[in-house]
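S.K.: Pasting a structure below so you can have a look.
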Amino acid sequence: MGTQDLTFAFAGDERVGAGVSGLLEAAGYPATDISNADVVFTYCTNTSALEDLYYDTEGLLRGSREGAILVDLSPSTVSFACELDAVACVNGHAAIDAPLVVSDMVCEEAFVSREDADYKTVKPLLDAIAHRVMWMGHAGAGQKAKVALTLQRCATLVGAVEAQVALANVGSDVNVMVEDVIDFMH
């Protein structure tokens, strides 16, 4: 089966699901229900909802077909990603943590793992929904990288805001805009 023949389903946050599904369908991937999908994408805004989505008696580990690749796009924890990888494997699935990383904090459309057969299978689908896809390594490595990147960007933004306030307080005619700093970060 070629990658373009793969079917997908989405579970979780409806707004993110609409964006992900729309991009995948535009790239030519057919949507189907969770019980028949080759690849199931998920996104939840909190760990409790994510655990329920996967581990409840009617959760994805029981409701998706055997052999399905479960791709979690959520901002979860390293421990959850590692646990999901292990539990999915025991239940006849593969799991890939592929957290969405927002490169532009003010962009309304933020859509912009494993270097093994499962990763290679779903990479074209990830390419359809993300600006840049990077192999990070073992389960949880994607979450670690996202945390590090998020902290770095937050620190840069805080520094820019503090600089703007300091310049305003000293009456400087230097016009430093937060937008310019954000643009510079790209």
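Just so we're on the same page: first chain in the structure tokens is A, next is B, and so on; residues restart at 1 for each chain, and ligands are numbered from 1 in the order they show up.
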Need the shell around A:Ile34: protein/DNA/RNA residues with any atom at most 9 Å away, counting only C-alpha atoms. Skip same-chain ones fewer than 4 positions apart. Format as an MDAnalysis selection string?

M.R.: chainID A and resid 8:11 38:40 60 63:65

S.K.: Let me see the file: selected residues, C-alpha atoms, as a PDB file, in the first residue's frame.

M.R.:
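Result went into result-v2.pdb, see below:
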ATOM      1  CA  PHE A   8      -6.897   8.610   8.373  1.00  0.00           C
ATOM      2  CA  ALA A   9      -9.215   9.617  11.175  1.00  0.00           C
ATOM      3  CA  PHE A  10      -8.983  12.349  13.784  1.00  0.00           C
ATOM      4  CA  ALA A  11     -10.024  12.284  17.435  1.00  0.00           C
ATOM      5  CA  ASP A  38      -4.685   3.236   8.944  1.00  0.00           C
ATOM      6  CA  VAL A  39      -3.531   6.351  10.815  1.00  0.00           C
ATOM      7  CA  VAL A  40      -5.385   8.023  13.700  1.00  0.00           C
ATOM      8  CA  LEU A  60      -8.583   4.501  20.801  1.00  0.00           C
ATOM      9  CA  GLY A  63     -11.598   1.329  19.135  1.00  0.00           C
ATOM     10  CA  SER A  64      -8.976   1.578  16.418  1.00  0.00           C
ATOM     11  CA  ARG A  65      -8.078  -1.311  14.154  1.00  0.00           C
TER      12      ARG A  65
END

S.K.: Can you tell me how far atom CA of A:Glu162 sits from atom CA of A:Lys146, in Å to one decimal?

M.R.: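 Computing the Euclidean distance for atom CA of A:Glu162 and atom CA of A:Lys146 yields 24.1 Å.
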
S.K.: So, counting only C-alpha atoms, which residue among A:Val122, A:Ala88, A:Val133, A:Ala81 is closest to A:Leu100?

M.R.: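 For A:Leu100, the nearest of the given residues is A:Val133.
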
S.K.: Using only C-alpha atoms, pick whichever of A:Ala160, A:Trp135, A:Pro99, A:Gln152 has the shortest atom-to-atom distance to A:Lys123.

M.R.: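 Of the candidates, the smallest distance to A:Lys123 is held by A:Trp135.
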
S.K.: In Å to one decimal, how far is atom CA of A:Glu51 from atom CA of A:Asp97?

M.R.: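 These atoms are spaced 13.8 Å apart.
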
S.K.: Out of stretch 43-168 of chain A, which residues get alpha helix (DSSP H) from DSSP, as an NGL selection string?

M.R.: :A and (47-55 or 60-63 or 78-90 or 117-129 or 141-168)

S.K.: Kindly export the residues of the current selection with C-alpha atoms, as a PDB file, in the first residue's frame.

M.R.:
ATOM      1  CA  THR A  47      -3.447  15.336  29.690  1.00  0.00           C
ATOM      2  CA  SER A  48      -6.652  14.173  31.363  1.00  0.00           C
ATOM      3  CA  ALA A  49      -8.612  14.394  28.107  1.00  0.00           C
ATOM      4  CA  LEU A  50      -5.746  12.715  26.250  1.00  0.00           C
ATOM      5  CA  GLU A  51      -5.643   9.809  28.720  1.00  0.00           C
ATOM      6  CA  ASP A  52      -9.416   9.392  28.427  1.00  0.00           C
ATOM      7  CA  LEU A  53      -9.204   9.459  24.640  1.00  0.00           C
ATOM      8  CA  TYR A  54      -6.690   6.616  24.545  1.00  0.00           C
ATOM      9  CA  TYR A  55      -7.271   4.557  27.683  1.00  0.00           C
ATOM     10  CA  LEU A  60      -8.583   4.501  20.801  1.00  0.00           C
ATOM     11  CA  LEU A  61      -6.509   1.568  21.984  1.00  0.00           C
ATOM     12  CA  ARG A  62      -9.643  -0.586  21.769  1.00  0.00           C
ATOM     13  CA  GLY A  63     -11.598   1.329  19.135  1.00  0.00           C
ATOM     14  CA  VAL A  78       7.372  13.040  28.031  1.00  0.00           C
ATOM     15  CA  SER A  79       6.108  10.341  30.383  1.00  0.00           C
ATOM     16  CA  PHE A  80       2.726  10.186  28.612  1.00  0.00           C
ATOM     17  CA  ALA A  81       4.424   9.823  25.207  1.00  0.00           C
ATOM     18  CA  CYS A  82       6.621   6.991  26.504  1.00  0.00           C
ATOM     19  CA  GLU A  83       3.677   5.276  28.226  1.00  0.00           C
ATOM     20  CA  LEU A  84       1.486   5.540  25.126  1.00  0.00           C
ATOM     21  CA  ASP A  85       4.268   4.091  22.973  1.00  0.00           C
ATOM     22  CA  ALA A  86       4.600   1.071  25.273  1.00  0.00           C
ATOM     23  CA  VAL A  87       0.859   0.475  25.743  1.00  0.00           C
ATOM     24  CA  ALA A  88       0.151   0.891  22.018  1.00  0.00           C
ATOM     25  CA  CYS A  89       2.824  -1.656  21.150  1.00  0.00           C
ATOM     26  CA  VAL A  90       1.361  -4.195  23.572  1.00  0.00           C
ATOM     27  CA  ALA A 117       8.959   2.136   9.358  1.00  0.00           C
ATOM     28  CA  ASP A 118       6.037   3.696  11.266  1.00  0.00           C
ATOM     29  CA  TYR A 119       7.526   7.184  11.061  1.00  0.00           C
ATOM     30  CA  LYS A 120       8.351   6.773   7.385  1.00  0.00           C
ATOM     31  CA  THR A 121       4.793   5.598   6.750  1.00  0.00           C
ATOM     32  CA  VAL A 122       3.145   8.652   8.304  1.00  0.00           C
ATOM     33  CA  LYS A 123       5.740  11.298   7.345  1.00  0.00           C
ATOM     34  CA  PRO A 124       3.934  12.248   4.111  1.00  0.00           C
ATOM     35  CA  LEU A 125       0.760  12.811   6.129  1.00  0.00           C
ATOM     36  CA  LEU A 126       2.661  14.911   8.676  1.00  0.00           C
ATOM     37  CA  ASP A 127       4.175  16.882   5.789  1.00  0.00           C
ATOM     38  CA  ALA A 128       0.627  17.654   4.637  1.00  0.00           C
ATOM     39  CA  ILE A 129      -0.280  19.309   7.960  1.00  0.00           C
ATOM     40  CA  ALA A 141      11.903  13.181  22.457  1.00  0.00           C
ATOM     41  CA  GLY A 142       9.433  15.300  20.462  1.00  0.00           C
ATOM     42  CA  GLN A 143       7.819  16.510  23.678  1.00  0.00           C
ATOM     43  CA  LYS A 144      11.218  17.384  25.159  1.00  0.00           C
ATOM     44  CA  ALA A 145      12.141  19.383  22.063  1.00  0.00           C
ATOM     45  CA  LYS A 146       8.801  21.203  22.092  1.00  0.00           C
ATOM     46  CA  VAL A 147       9.227  22.178  25.753  1.00  0.00           C
ATOM     47  CA  ALA A 148      12.747  23.496  25.109  1.00  0.00           C
ATOM     48  CA  LEU A 149      11.624  25.490  22.064  1.00  0.00           C
ATOM     49  CA  THR A 150       8.566  26.886  23.833  1.00  0.00           C
ATOM     50  CA  LEU A 151      10.643  28.006  26.834  1.00  0.00           C
ATOM     51  CA  GLN A 152      13.198  29.671  24.580  1.00  0.00           C
ATOM     52  CA  ARG A 153      10.524  31.542  22.632  1.00  0.00           C
ATOM     53  CA  CYS A 154       8.709  32.613  25.787  1.00  0.00           C
ATOM     54  CA  ALA A 155      11.950  33.950  27.266  1.00  0.00           C
ATOM     55  CA  THR A 156      12.618  35.915  24.080  1.00  0.00           C
ATOM     56  CA  LEU A 157       9.112  37.382  24.094  1.00  0.00           C
ATOM     57  CA  VAL A 158       9.330  38.336  27.781  1.00  0.00           C
ATOM     58  CA  GLY A 159      12.690  40.010  27.123  1.00  0.00           C
ATOM     59  CA  ALA A 160      11.204  41.985  24.232  1.00  0.00           C
ATOM     60  CA  VAL A 161       8.270  43.169  26.343  1.00  0.00           C
ATOM     61  CA  GLU A 162      10.588  44.154  29.200  1.00  0.00           C
ATOM     62  CA  ALA A 163      12.809  46.069  26.775  1.00  0.00           C
ATOM     63  CA  GLN A 164       9.778  47.907  25.359  1.00  0.00           C
ATOM     64  CA  VAL A 165       8.669  48.890  28.866  1.00  0.00           C
ATOM     65  CA  ALA A 166      12.197  49.990  29.832  1.00  0.00           C
ATOM     66  CA  LEU A 167      12.512  52.127  26.695  1.00  0.00           C
ATOM     67  CA  ALA A 168       9.106  53.699  27.319  1.00  0.00           C
TER      68      ALA A 168
END

S.K.: Give me the residues within 6 Å of A:Tyr43 as a ChimeraX atom specification, counting only C-alpha atoms and dropping any in the same chain fewer than 4 places off.

M.R.: /A:12-13,73-74

S.K.: Using only C-alpha atoms, determine which residues lie at most 9 Å from A:Met134, disregarding the query and same-chain residues fewer than 2 positions distant; provide the list as a PDB file with C-alpha atoms, in the first residue's frame.

M.R.:
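What ended up in result34.pdb:
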ATOM      1  CA  ALA A  98       4.452  14.485  16.960  1.00  0.00           C
ATOM      2  CA  SER A 113       8.721  10.063  16.532  1.00  0.00           C
ATOM      3  CA  ARG A 132       8.395  21.389   8.860  1.00  0.00           C
ATOM      4  CA  MET A 136      13.394  13.672  17.056  1.00  0.00           C
ATOM      5  CA  GLY A 142       9.433  15.300  20.462  1.00  0.00           C
TER       6      GLY A 142
END

S.K.: At what distance in Å, to one decimal, does atom CA of A:Ala68 lie from atom CA of A:Leu6?

M.R.: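 For atom CA of A:Leu6 relative to atom CA of A:Ala68, the distance reads 10.4 Å.
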
S.K.: Once DSSP has gone over the backbone, tell me which residues of stretch 4-170 of chain A are in strand (DSSP E), as a list in words.

M.R.: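 Output for stretch 4-170 of chain A, strand (DSSP E) only: Phe8, Ala9, Phe10, Ala11, Gly12, Val39, Val40, Phe41, Thr42, Tyr43, Ile69, Leu70, Val71, Asp72, Ala94, Ala95, Ile96 and Asp97 of chain A.
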